[in-house]
file run_3.json (JSON, C-alpha atoms)
[["chain", "number", "residue", "atom", "x", "y", "z"],
["V", 168, "MET", "CA", 9.67, 24.89, 13.63],
["V", 169, "ASP", "CA", 7.23, 23.81, 10.93],
["V", 170, "LEU", "CA", 7.18, 20.05, 10.51],
["V", 171, "GLU", "CA", 4.42, 19.92, 7.89],
["V", 172, "PRO", "CA", 6.81, 20.01, 4.89],
["V", 173, "TYR", "CA", 8.21, 16.69, 6.10],
["V", 174, "ARG", "CA", 4.86, 14.90, 6.39],
["V", 175, "GLY", "CA", 4.72, 13.50, 2.85],
["V", 176, "GLU", "CA", 8.19, 11.98, 2.84],
["V", 177, "LEU", "CA", 7.81, 10.63, 6.38],
["V", 178, "LEU", "CA", 4.52, 8.99, 5.42],
["V", 179, "THR", "CA", 6.27, 7.16, 2.60],
["V", 180, "TYR", "CA", 9.17, 6.21, 4.83],
["V", 181, "CYS", "CA", 6.94, 4.87, 7.62],
["V", 182, "TYR", "CA", 4.82, 2.98, 5.10],
["V", 183, "ARG", "CA", 7.94, 1.21, 3.81],
["V", 184, "MET", "CA", 8.62, 0.03, 7.36],
["V", 185, "LEU", "CA", 5.06, -0.76, 8.43],
["V", 186, "GLY", "CA", 3.23, -1.81, 5.28],
["V", 187, "SER", "CA", 0.08, 0.15, 6.13],
["V", 188, "PHE", "CA", -0.84, 3.73, 5.16],
["V", 189, "HIS", "CA", -3.13, 3.98, 8.17],
["V", 190, "ASP", "CA", -0.34, 2.94, 10.54],
["V", 191, "ALA", "CA", 2.06, 5.28, 8.77],
["V", 192, "GLU", "CA", -0.27, 8.22, 9.45],
["V", 193, "ASP", "CA", -0.34, 7.33, 13.16],
["V", 194, "LEU", "CA", 3.43, 6.98, 13.33],
["V", 195, "VAL", "CA", 4.05, 10.29, 11.57],
["V", 196, "GLN", "CA", 1.80, 11.99, 14.12],
["V", 197, "GLU", "CA", 3.78, 10.33, 16.88],
["V", 198, "THR", "CA", 7.05, 11.36, 15.25],
["V", 199, "PHE", "CA", 5.93, 14.99, 15.12],
["V", 200, "LEU", "CA", 4.87, 14.85, 18.76],
["V", 201, "ARG", "CA", 8.22, 13.43, 19.84],
["V", 202, "ALA", "CA", 10.04, 15.97, 17.70],
["V", 203, "TRP", "CA", 8.15, 18.86, 19.28],
["V", 204, "ARG", "CA", 8.90, 17.55, 22.74],
["V", 205, "GLY", "CA", 12.54, 16.89, 21.93],
["V", 206, "LEU", "CA", 13.40, 20.11, 20.08],
["V", 207, "GLY", "CA", 15.26, 21.32, 23.12],
["V", 208, "ARG", "CA", 17.55, 18.28, 22.90],
["V", 209, "PHE", "CA", 18.33, 18.68, 19.19],
["V", 210, "GLU", "CA", 22.04, 19.49, 19.31],
["V", 211, "ARG", "CA", 22.57, 20.09, 15.58],
["V", 212, "ARG", "CA", 25.31, 17.49, 15.27],
["V", 213, "ALA", "CA", 23.21, 16.00, 12.49],
["V", 214, "SER", "CA", 20.91, 17.78, 10.08],
["V", 215, "PHE", "CA", 17.37, 18.35, 11.22],
["V", 216, "ARG", "CA", 16.05, 15.94, 8.63],
["V", 217, "THR", "CA", 18.41, 13.22, 9.81],
["V", 218, "TRP", "CA", 17.25, 13.78, 13.36],
["V", 219, "LEU", "CA", 13.61, 13.61, 12.33],
["V", 220, "TYR", "CA", 14.15, 10.35, 10.42],
["V", 221, "ARG", "CA", 15.86, 8.86, 13.45],
["V", 222, "ILE", "CA", 12.82, 9.64, 15.58],
["V", 223, "ALA", "CA", 10.54, 8.13, 12.93],
["V", 224, "THR", "CA", 12.72, 5.03, 12.64],
["V", 225, "ASN", "CA", 12.67, 4.42, 16.38],
["V", 226, "ALA", "CA", 8.93, 5.00, 16.57],
["V", 227, "CYS", "CA", 8.34, 2.47, 13.77],
["V", 228, "LEU", "CA", 10.70, -0.09, 15.25],
["V", 229, "ASN", "CA", 8.92, 0.19, 18.59],
["V", 230, "ALA", "CA", 5.57, -0.27, 16.90],
["V", 231, "LEU", "CA", 6.86, -3.34, 15.05],
["V", 232, "ALA", "CA", 8.33, -4.83, 18.23],
["V", 233, "SER", "CA", 5.01, -4.53, 20.04],
["V", 234, "ARG", "CA", 3.21, -6.59, 17.40],
["V", 235, "ALA", "CA", 3.20, -10.36, 17.54],
["V", 236, "SER", "CA", 4.39, -10.58, 13.94],
["V", 237, "ALA", "CA", 6.18, -7.55, 12.58],
["V", 238, "ARG", "CA", 5.95, -8.06, 8.86],
["V", 239, "ARG", "CA", 2.73, -7.41, 7.02],
["V", 240, "VAL", "CA", 1.90, -10.07, 4.48],
["V", 241, "LEU", "CA", -0.28, -10.97, 1.53],
["V", 242, "PRO", "CA", -2.44, -14.11, 1.46],
["V", 243, "GLU", "CA", -0.46, -15.67, -1.39],
["V", 244, "THR", "CA", 2.62, -15.92, 0.83],
["V", 245, "GLN", "CA", 0.84, -17.45, 3.81],
["V", 246, "GLY", "CA", -0.35, -20.78, 2.50],
["V", 247, "PRO", "CA", -1.37, -22.79, -0.56],
["V", 248, "PRO", "CA", -4.13, -21.59, -2.89],
["V", 249, "ALA", "CA", -7.68, -22.53, -1.94],
["V", 250, "ASP", "CA", -9.75, -24.96, -3.95],
["V", 251, "GLN", "CA", -13.05, -24.27, -2.19],
["V", 252, "MET", "CA", -15.12, -21.21, -1.49],
["V", 253, "PRO", "CA", -13.99, -19.51, 1.73],
["V", 254, "ASP", "CA", -15.57, -20.51, 5.01],
["V", 255, "GLY", "CA", -15.07, -19.46, 8.62],
["V", 256, "GLY", "CA", -14.91, -15.75, 7.94],
["V", 257, "PRO", "CA", -12.03, -13.33, 7.25],
["V", 258, "ALA", "CA", -8.77, -13.59, 9.21],
["V", 259, "THR", "CA", -8.86, -10.04, 10.55],
["V", 260, "GLU", "CA", -6.25, -10.76, 13.22],
["V", 261, "VAL", "CA", -3.52, -11.21, 10.61],
["V", 262, "PRO", "CA", -1.47, -8.06, 9.84],
["V", 263, "TRP", "CA", -2.18, -7.84, 6.10],
["V", 264, "LEU", "CA", -0.14, -5.63, 3.80],
["V", 265, "GLU", "CA", -2.06, -2.57, 2.67],
["V", 266, "PRO", "CA", -1.68, -0.43, -0.46],
["V", 267, "TYR", "CA", -0.27, 3.11, -0.49],
["V", 268, "PRO", "CA", -2.37, 5.68, -2.35],
["V", 269, "ASP", "CA", -0.25, 7.35, -5.05],
["V", 270, "THR", "CA", -2.04, 10.65, -4.41],
["V", 271, "ALA", "CA", -0.13, 10.85, -1.12],
["V", 272, "LEU", "CA", 3.16, 10.88, -3.04],
["V", 273, "GLU", "CA", 2.23, 14.22, -4.57],
["V", 274, "SER", "CA", 2.38, 15.95, -1.21],
["V", 275, "ILE", "CA", 6.11, 15.37, -0.82],
["V", 276, "VAL", "CA", 7.76, 18.77, -0.72],
["V", 277, "ASP", "CA", 10.91, 19.20, -2.79],
["V", 278, "ALA", "CA", 12.86, 20.76, 0.07],
["V", 279, "ALA", "CA", 16.25, 22.20, -0.87],
["V", 280, "PRO", "CA", 18.14, 23.40, 2.20],
["V", 281, "GLY", "CA", 21.36, 23.80, 0.24],
["V", 282, "PRO", "CA", 23.60, 22.05, -2.27],
["V", 283, "ASP", "CA", 25.59, 20.26, 0.43],
["V", 284, "ALA", "CA", 22.60, 19.18, 2.45],
["V", 285, "ARG", "CA", 22.45, 15.47, 2.81],
["V", 286, "TYR", "CA", 20.66, 13.16, 5.10],
["V", 287, "GLU", "CA", 21.23, 9.60, 6.01],
["V", 288, "MET", "CA", 18.58, 7.01, 6.41],
["V", 289, "ARG", "CA", 19.39, 3.92, 8.26],
["V", 290, "GLU", "CA", 16.90, 1.09, 8.41],
["V", 291, "ARG", "CA", 17.54, -1.72, 10.74],
["V", 292, "CYS", "CA", 15.16, -4.58, 11.03],
["V", 293, "ASN", "CA", 16.24, -5.99, 14.33],
["V", 294, "SER", "CA", 17.68, -3.36, 16.60],
["V", 295, "PRO", "CA", 17.13, 0.30, 17.41],
["V", 296, "SER", "CA", 19.37, 2.85, 15.77],
["V", 297, "SER", "CA", 22.73, 3.42, 17.47],
["V", 298, "PRO", "CA", 23.67, 6.65, 19.30],
["V", 299, "ARG", "CA", 24.02, 9.76, 17.24],
["V", 300, "SER", "CA", 26.66, 9.54, 14.60],
["V", 301, "ASN", "CA", 26.94, 10.95, 11.12],
["V", 302, "THR", "CA", 29.23, 8.22, 9.88],
["V", 303, "SER", "CA", 27.73, 5.15, 8.34],
["V", 304, "HIS", "CA", 28.25, 1.95, 10.24],
["V", 305, "PRO", "CA", 26.81, -1.13, 8.60],
["V", 306, "GLY", "CA", 24.68, -2.64, 11.29],
["V", 307, "SER", "CA", 25.10, -6.06, 12.75],
["V", 308, "GLY", "CA", 21.56, -7.19, 12.09],
["V", 309, "PRO", "CA", 20.85, -9.61, 9.28],
["V", 310, "CYS", "CA", 18.87, -7.13, 7.20],
["V", 311, "CYS", "CA", 20.43, -3.68, 7.33],
["V", 312, "CYS", "CA", 20.42, -1.22, 4.49],
["V", 313, "PHE", "CA", 21.78, 2.25, 4.19],
["V", 314, "ALA", "CA", 20.77, 4.93, 1.77],
["V", 315, "THR", "CA", 21.98, 8.48, 1.29],
["V", 316, "PHE", "CA", 20.01, 11.01, -0.69],
["V", 317, "SER", "CA", 20.76, 14.60, -1.47],
["V", 318, "ALA", "CA", 17.80, 16.72, -0.45],
["V", 319, "GLY", "CA", 16.98, 17.93, -3.94],
["V", 320, "ARG", "CA", 16.39, 14.42, -5.34],
["V", 321, "LEU", "CA", 14.31, 13.25, -2.42],
["V", 322, "ARG", "CA", 10.90, 13.35, -4.03],
["V", 323, "ARG", "CA", 11.95, 11.50, -7.14],
["V", 324, "ALA", "CA", 13.85, 8.94, -5.11],
["V", 325, "LEU", "CA", 10.91, 8.20, -2.84],
["V", 326, "GLY", "CA", 8.53, 7.93, -5.76],
["V", 327, "CYS", "CA", 10.78, 5.51, -7.59],
["V", 328, "SER", "CA", 11.45, 3.45, -4.50],
["V", 329, "MET", "CA", 7.79, 3.04, -3.60],
["V", 330, "PRO", "CA", 7.57, -0.73, -3.26],
["V", 331, "ARG", "CA", 5.32, -2.49, -5.74],
["V", 332, "LEU", "CA", 2.80, -4.52, -3.88],
["V", 333, "HIS", "CA", 3.10, -7.50, -6.20],
["V", 334, "PRO", "CA", 6.72, -8.54, -6.84],
["I", 45, "MET", "CA", 3.77, -2.24, -20.98],
["I", 46, "PRO", "CA", 3.25, 0.79, -23.25],
["I", 47, "ASP", "CA", 0.75, 3.25, -21.79],
["I", 48, "ASP", "CA", -1.84, 3.00, -24.57],
["I", 49, "ARG", "CA", -2.00, -0.79, -24.49],
["I", 50, "GLN", "CA", -2.24, -0.68, -20.72],
["I", 51, "ARG", "CA", -5.07, 1.83, -20.97],
["I", 52, "VAL", "CA", -6.97, -0.41, -23.41],
["I", 53, "LEU", "CA", -6.53, -3.38, -21.10],
["I", 54, "LEU", "CA", -7.76, -1.43, -18.09],
["I", 55, "GLU", "CA", -10.78, -0.13, -20.02],
["I", 56, "ARG", "CA", -11.71, -3.69, -20.97],
["I", 57, "TYR", "CA", -11.16, -4.71, -17.36],
["I", 58, "VAL", "CA", -13.58, -2.07, -16.07],
["I", 59, "ARG", "CA", -16.22, -3.06, -18.65],
["I", 60, "THR", "CA", -16.09, -6.73, -17.61],
["I", 61, "TRP", "CA", -16.77, -5.89, -13.96],
["I", 62, "GLU", "CA", -19.43, -3.26, -14.66],
["I", 63, "SER", "CA", -21.32, -5.58, -17.00],
["I", 64, "ALA", "CA", -20.66, -8.66, -14.86],
["I", 65, "ASP", "CA", -19.01, -10.30, -17.87],
["I", 66, "LEU", "CA", -17.21, -13.17, -16.16],
["I", 67, "GLU", "CA", -15.87, -14.77, -19.36],
["I", 68, "GLY", "CA", -14.63, -11.41, -20.56],
["I", 69, "PHE", "CA", -12.84, -10.87, -17.25],
["I", 70, "VAL", "CA", -11.22, -14.31, -17.19],
["I", 71, "ALA", "CA", -9.96, -13.76, -20.74],
["I", 72, "LEU", "CA", -7.82, -10.89, -19.42],
["I", 73, "LEU", "CA", -6.00, -13.07, -16.90],
["I", 74, "LYS", "CA", -2.69, -14.80, -17.27],
["I", 75, "GLU", "CA", -2.97, -18.58, -17.10],
["I", 76, "ASP", "CA", -1.35, -18.60, -13.65],
["I", 77, "ALA", "CA", -2.89, -15.37, -12.36],
["I", 78, "VAL", "CA", -3.18, -14.85, -8.61],
["I", 79, "TYR", "CA", -6.31, -13.52, -6.96],
["I", 80, "SER", "CA", -6.42, -12.60, -3.27],
["I", 81, "MET", "CA", -8.70, -10.55, -1.05],
["I", 82, "PRO", "CA", -7.27, -9.71, 2.38],
["I", 83, "PRO", "CA", -8.38, -9.99, 5.16],
["I", 84, "TRP", "CA", -9.54, -13.34, 3.79],
["I", 85, "ARG", "CA", -6.86, -15.96, 4.02],
["I", 86, "GLN", "CA", -8.09, -17.81, 0.95],
["I", 87, "TRP", "CA", -6.53, -16.95, -2.40],
["I", 88, "TYR", "CA", -6.94, -18.47, -5.84],
["I", 89, "LEU", "CA", -4.39, -19.49, -8.44],
["I", 90, "GLY", "CA", -5.08, -19.74, -12.15],
["I", 91, "CYS", "CA", -7.94, -18.83, -14.49],
["I", 92, "THR", "CA", -10.06, -21.85, -13.69],
["I", 93, "ALA", "CA", -9.97, -21.44, -9.92],
["I", 94, "ILE", "CA", -10.52, -17.68, -10.14],
["I", 95, "ARG", "CA", -13.43, -18.15, -12.55],
["I", 96, "ARG", "CA", -15.05, -20.68, -10.23],
["I", 97, "PHE", "CA", -14.66, -18.39, -7.24],
["I", 98, "LEU", "CA", -16.04, -15.26, -8.91],
["I", 99, "ASP", "CA", -18.90, -17.15, -10.54],
["I", 100, "SER", "CA", -20.13, -17.90, -7.05],
["I", 101, "ALA", "CA", -19.10, -14.62, -5.40],
["I", 102, "TRP", "CA", -20.69, -12.36, -8.02],
["I", 103, "ARG", "CA", -24.13, -13.94, -7.59],
["I", 104, "SER", "CA", -24.98, -11.94, -4.47],
["I", 105, "TYR", "CA", -24.28, -8.59, -6.11],
["I", 106, "GLY", "CA", -26.55, -6.40, -8.20],
["I", 107, "GLY", "CA", -23.72, -4.51, -9.87],
["I", 108, "PHE", "CA", -20.25, -3.02, -9.67],
["I", 109, "ARG", "CA", -18.81, 0.39, -10.44],
["I", 110, "LEU", "CA", -15.06, 1.07, -10.65],
["I", 111, "VAL", "CA", -13.36, 4.42, -10.06],
["I", 112, "PRO", "CA", -9.75, 4.71, -11.29],
["I", 113, "ALA", "CA", -7.03, 5.13, -8.67],
["I", 114, "ALA", "CA", -3.38, 4.24, -8.28],
["I", 115, "ALA", "CA", -1.42, 2.61, -5.50],
["I", 116, "ASN", "CA", 2.21, 1.55, -5.08],
["I", 117, "ARG", "CA", 2.78, 2.85, -8.62],
["I", 118, "GLN", "CA", 0.38, 0.18, -9.92],
["I", 119, "PRO", "CA", -3.06, 0.60, -11.52],
["I", 120, "ALA", "CA", -5.86, 0.43, -8.97],
["I", 121, "PHE", "CA", -9.60, 0.97, -8.66],
["I", 122, "ALA", "CA", -12.05, 1.83, -5.94],
["I", 123, "LEU", "CA", -14.76, -0.79, -6.33],
["I", 124, "TYR", "CA", -18.33, 0.05, -5.36],
["I", 125, "SER", "CA", -20.98, -2.63, -5.23],
["I", 126, "ARG", "CA", -24.65, -2.88, -4.59],
["I", 127, "ARG", "CA", -26.89, -5.71, -3.57],
["I", 128, "ARG", "CA", -29.81, -6.83, -5.69],
["I", 129, "GLU", "CA", -32.35, -5.72, -3.08],
["I", 130, "ARG", "CA", -30.86, -2.26, -2.45],
["I", 131, "PRO", "CA", -30.12, 0.52, -4.93],
["I", 132, "GLU", "CA", -27.34, 2.39, -3.10],
["I", 133, "TRP", "CA", -23.67, 1.90, -3.97],
["I", 134, "ARG", "CA", -21.39, 0.98, -1.12],
["I", 135, "ALA", "CA", -17.60, 0.93, -0.88],
["I", 136, "HIS", "CA", -16.50, -2.64, -1.50],
["I", 137, "SER", "CA", -12.74, -2.74, -1.90],
["I", 138, "ILE", "CA", -9.63, -1.19, -3.35],
["I", 139, "GLN", "CA", -8.41, -3.34, -6.23],
["I", 140, "LEU", "CA", -4.73, -3.43, -7.11],
["I", 141, "LEU", "CA", -3.56, -4.92, -10.40],
["I", 142, "ALA", "CA", -0.22, -6.30, -11.55],
["I", 143, "LEU", "CA", -0.06, -6.22, -15.34],
["I", 144, "GLN", "CA", 2.28, -8.33, -17.44],
["I", 145, "ASP", "CA", 2.44, -8.88, -21.21],
["I", 146, "GLU", "CA", -0.99, -7.33, -21.79],
["I", 147, "SER", "CA", -2.61, -9.61, -19.22],
["I", 148, "ILE", "CA", -3.40, -9.45, -15.56],
["I", 149, "ALA", "CA", -0.87, -11.38, -13.51],
["I", 150, "ALA", "CA", -2.27, -10.56, -10.09],
["I", 151, "LEU", "CA", -5.39, -8.96, -8.69],
["I", 152, "THR", "CA", -5.70, -8.12, -5.00],
["I", 153, "LEU", "CA", -8.92, -6.79, -3.51],
["I", 154, "PHE", "CA", -8.40, -5.00, -0.18],
["I", 155, "LEU", "CA", -11.68, -5.32, 1.66],
["I", 156, "SER", "CA", -10.74, -3.51, 4.87],
["I", 157, "PRO", "CA", -12.68, -0.25, 5.40],
["I", 158, "GLN", "CA", -9.54, 1.44, 6.70],
["I", 159, "VAL", "CA", -7.85, 0.81, 3.35],
["I", 160, "PHE", "CA", -10.75, 2.31, 1.45],
["I", 161, "ALA", "CA", -10.68, 5.35, 3.74],
["I", 162, "ALA", "CA", -6.94, 5.84, 3.11],
["I", 163, "PHE", "CA", -7.74, 6.53, -0.55],
["I", 164, "GLY", "CA", -10.22, 9.27, 0.26],
["I", 165, "PHE", "CA", -13.15, 7.90, -1.70],
["I", 166, "PRO", "CA", -16.62, 8.28, -0.17],
["I", 167, "ALA", "CA", -17.96, 5.20, 1.58],
["I", 168, "ASN", "CA", -21.45, 5.52, 0.13],
["I", 169, "VAL", "CA", -22.69, 6.96, -3.13],
["I", 170, "THR", "CA", -26.36, 7.58, -3.83]]
call {"tool": "encode", "arguments": {"input": "run_3.json", "output": "structure tokens"}}
result
Amino acid sequence: MDLEPYRGELLTYCYRMLGSFHDAEDLVQETFLRAWRGLGRFERRASFRTWLYRIATNACLNALASRASARRVLPETQGPPADQMPDGGPATEVPWLEPYPDTALESIVDAAPGPDARYEMRERCNSPSSPRSNTSHPGSGPCCCFATFSAGRLRRALGCSMPRLHP
Amino acid sequence: MPDDRQRVLLERYVRTWESADLEGFVALLKEDAVYSMPPWRQWYLGCTAIRRFLDSAWRSYGGFRLVPAAANRQPAFALYSRRRERPEWRAHSIQLLALQDESIAALTLFLSPQVFAAFGFPANVT
């Protein structure tokens, strides 16, 4: 099973959860590793893409849970503006938001497994994804969102939904 | 913003950095522009504060060169700098701009080497 065609879209997906391209690369590698190991357990109740996104989601949620503060931030949201030159050195311990290179969007493969192929993405901020189910259940966490894309529009959708860094 | 006006703005922007034209740069900013440079906590609000900061910060550099890039669907640049005493160009930061009404509303310089590496630009240029 060749996972490479999914790398581009998974990078974008993991970046949206983690706020760092570097972290996204690590998590996509981990997702592929888990997928390889778990291929024997893939029961085809969901599409392969759905299954892959579930692995990626869980991997990202675990990574976020292991950090002291999950959300990456920009300086302008962390305190008032400065009126002096900086002193004391950079705050490298803070998880700062990082930009996503647009060149990486070009690698997203326009996969088209069939006109009825759909996948579901479920993002939950506060709890791991529920057991396998193809129906959509709005989660109980305070910030849950649900998106459904048909496979053929994936690339355009991901490109358009790339979060602007500045609001 | 229409593409050609954005392009003109960005060309002016590049010229102000590469010629160390501080007044020219400040003239491109919105009155309440935001400037930040993670991993530094400090950020600056407004033309006056940003001008004061850069006036001091630019003194230790011998020059800047900007290479166009793009990030998060916003205009961006890879910034190379060199010190007065040394001729070689070194990776300085990835700059990300938010443009609004033919001005710059926000400028963020990402100083972390891992960010620069993510964009695939070389770290040193001779």
call {"tool": "interface_residues", "arguments": {"input": "run_3.json", "of": "chain I", "to": "chain V", "cutoff": "10 Å", "atoms": "only C-alpha atoms", "output": "PDB file with C-alpha atoms, keeping the file's coordinate frame"}}
result
ATOM      1  CA  VAL I  78      -3.180 -14.850  -8.610  1.00  0.00           C
ATOM      2  CA  TYR I  79      -6.310 -13.520  -6.960  1.00  0.00           C
ATOM      3  CA  SER I  80      -6.420 -12.600  -3.270  1.00  0.00           C
ATOM      4  CA  MET I  81      -8.700 -10.550  -1.050  1.00  0.00           C
ATOM      5  CA  PRO I  82      -7.270  -9.710   2.380  1.00  0.00           C
ATOM      6  CA  PRO I  83      -8.380  -9.990   5.160  1.00  0.00           C
ATOM      7  CA  TRP I  84      -9.540 -13.340   3.790  1.00  0.00           C
ATOM      8  CA  ARG I  85      -6.860 -15.960   4.020  1.00  0.00           C
ATOM      9  CA  GLN I  86      -8.090 -17.810   0.950  1.00  0.00           C
ATOM     10  CA  TRP I  87      -6.530 -16.950  -2.400  1.00  0.00           C
ATOM     11  CA  TYR I  88      -6.940 -18.470  -5.840  1.00  0.00           C
ATOM     12  CA  LEU I  89      -4.390 -19.490  -8.440  1.00  0.00           C
ATOM     13  CA  GLY I  90      -5.080 -19.740 -12.150  1.00  0.00           C
ATOM     14  CA  ALA I  93      -9.970 -21.440  -9.920  1.00  0.00           C
ATOM     15  CA  ILE I  94     -10.520 -17.680 -10.140  1.00  0.00           C
ATOM     16  CA  ARG I  96     -15.050 -20.680 -10.230  1.00  0.00           C
ATOM     17  CA  PHE I  97     -14.660 -18.390  -7.240  1.00  0.00           C
ATOM     18  CA  LEU I  98     -16.040 -15.260  -8.910  1.00  0.00           C
ATOM     19  CA  SER I 100     -20.130 -17.900  -7.050  1.00  0.00           C
ATOM     20  CA  ALA I 101     -19.100 -14.620  -5.400  1.00  0.00           C
ATOM     21  CA  ALA I 113      -7.030   5.130  -8.670  1.00  0.00           C
ATOM     22  CA  ALA I 114      -3.380   4.240  -8.280  1.00  0.00           C
ATOM     23  CA  ALA I 115      -1.420   2.610  -5.500  1.00  0.00           C
ATOM     24  CA  ASN I 116       2.210   1.550  -5.080  1.00  0.00           C
ATOM     25  CA  ARG I 117       2.780   2.850  -8.620  1.00  0.00           C
ATOM     26  CA  GLN I 118       0.380   0.180  -9.920  1.00  0.00           C
ATOM     27  CA  PRO I 119      -3.060   0.600 -11.520  1.00  0.00           C
ATOM     28  CA  ALA I 120      -5.860   0.430  -8.970  1.00  0.00           C
ATOM     29  CA  ILE I 138      -9.630  -1.190  -3.350  1.00  0.00           C
ATOM     30  CA  GLN I 139      -8.410  -3.340  -6.230  1.00  0.00           C
ATOM     31  CA  LEU I 140      -4.730  -3.430  -7.110  1.00  0.00           C
ATOM     32  CA  LEU I 141      -3.560  -4.920 -10.400  1.00  0.00           C
ATOM     33  CA  ALA I 142      -0.220  -6.300 -11.550  1.00  0.00           C
ATOM     34  CA  LEU I 143      -0.060  -6.220 -15.340  1.00  0.00           C
ATOM     35  CA  ALA I 149      -0.870 -11.380 -13.510  1.00  0.00           C
ATOM     36  CA  ALA I 150      -2.270 -10.560 -10.090  1.00  0.00           C
ATOM     37  CA  LEU I 151      -5.390  -8.960  -8.690  1.00  0.00           C
ATOM     38  CA  THR I 152      -5.700  -8.120  -5.000  1.00  0.00           C
ATOM     39  CA  PHE I 154      -8.400  -5.000  -0.180  1.00  0.00           C
ATOM     40  CA  LEU I 155     -11.680  -5.320   1.660  1.00  0.00           C
ATOM     41  CA  SER I 156     -10.740  -3.510   4.870  1.00  0.00           C
ATOM     42  CA  GLN I 158      -9.540   1.440   6.700  1.00  0.00           C
ATOM     43  CA  VAL I 159      -7.850   0.810   3.350  1.00  0.00           C
ATOM     44  CA  PHE I 160     -10.750   2.310   1.450  1.00  0.00           C
ATOM     45  CA  ALA I 161     -10.680   5.350   3.740  1.00  0.00           C
ATOM     46  CA  ALA I 162      -6.940   5.840   3.110  1.00  0.00           C
ATOM     47  CA  PHE I 163      -7.740   6.530  -0.550  1.00  0.00           C
ATOM     48  CA  GLY I 164     -10.220   9.270   0.260  1.00  0.00           C
TER      49      GLY I 164
END
call {"tool": "residues_around", "arguments": {"input": "run_3.json", "residues": "Gly106 of chain I", "least_positions_apart": "6", "cutoff": "7 Å", "atoms": "all atoms listed in the file", "output": "ChimeraX atom specification"}}
result
/I:126-128
call {"tool": "atom_distance", "arguments": {"input": "run_3.json", "atom1": "atom CA of Arg134 of chain I", "atom2": "atom CA of Asn168 of chain I"}}
result
4.7 Å
call {"tool": "residues_around", "arguments": {"input": "run_3.json", "residues": "Glu62 of chain I", "least_positions_apart": "3", "cutoff": "10 Å", "atoms": "only C-alpha atoms", "output": "list of chain:residue names"}}
result
I:Arg56, I:Tyr57, I:Val58, I:Arg59, I:Asp65, I:Gly107, I:Phe108, I:Arg109, I:Leu110, I:Leu123, I:Tyr124, I:Ser125
call {"tool": "atom_distance", "arguments": {"input": "run_3.json", "atom1": "atom CA of Ser274 of chain V", "atom2": "atom CA of Gly175 of chain V"}}
result
5.3 Å
call {"tool": "atom_distance", "arguments": {"input": "run_3.json", "atom1": "atom CA of Lys74 of chain I", "atom2": "atom CA of Arg239 of chain V"}}
result
26.0 Å
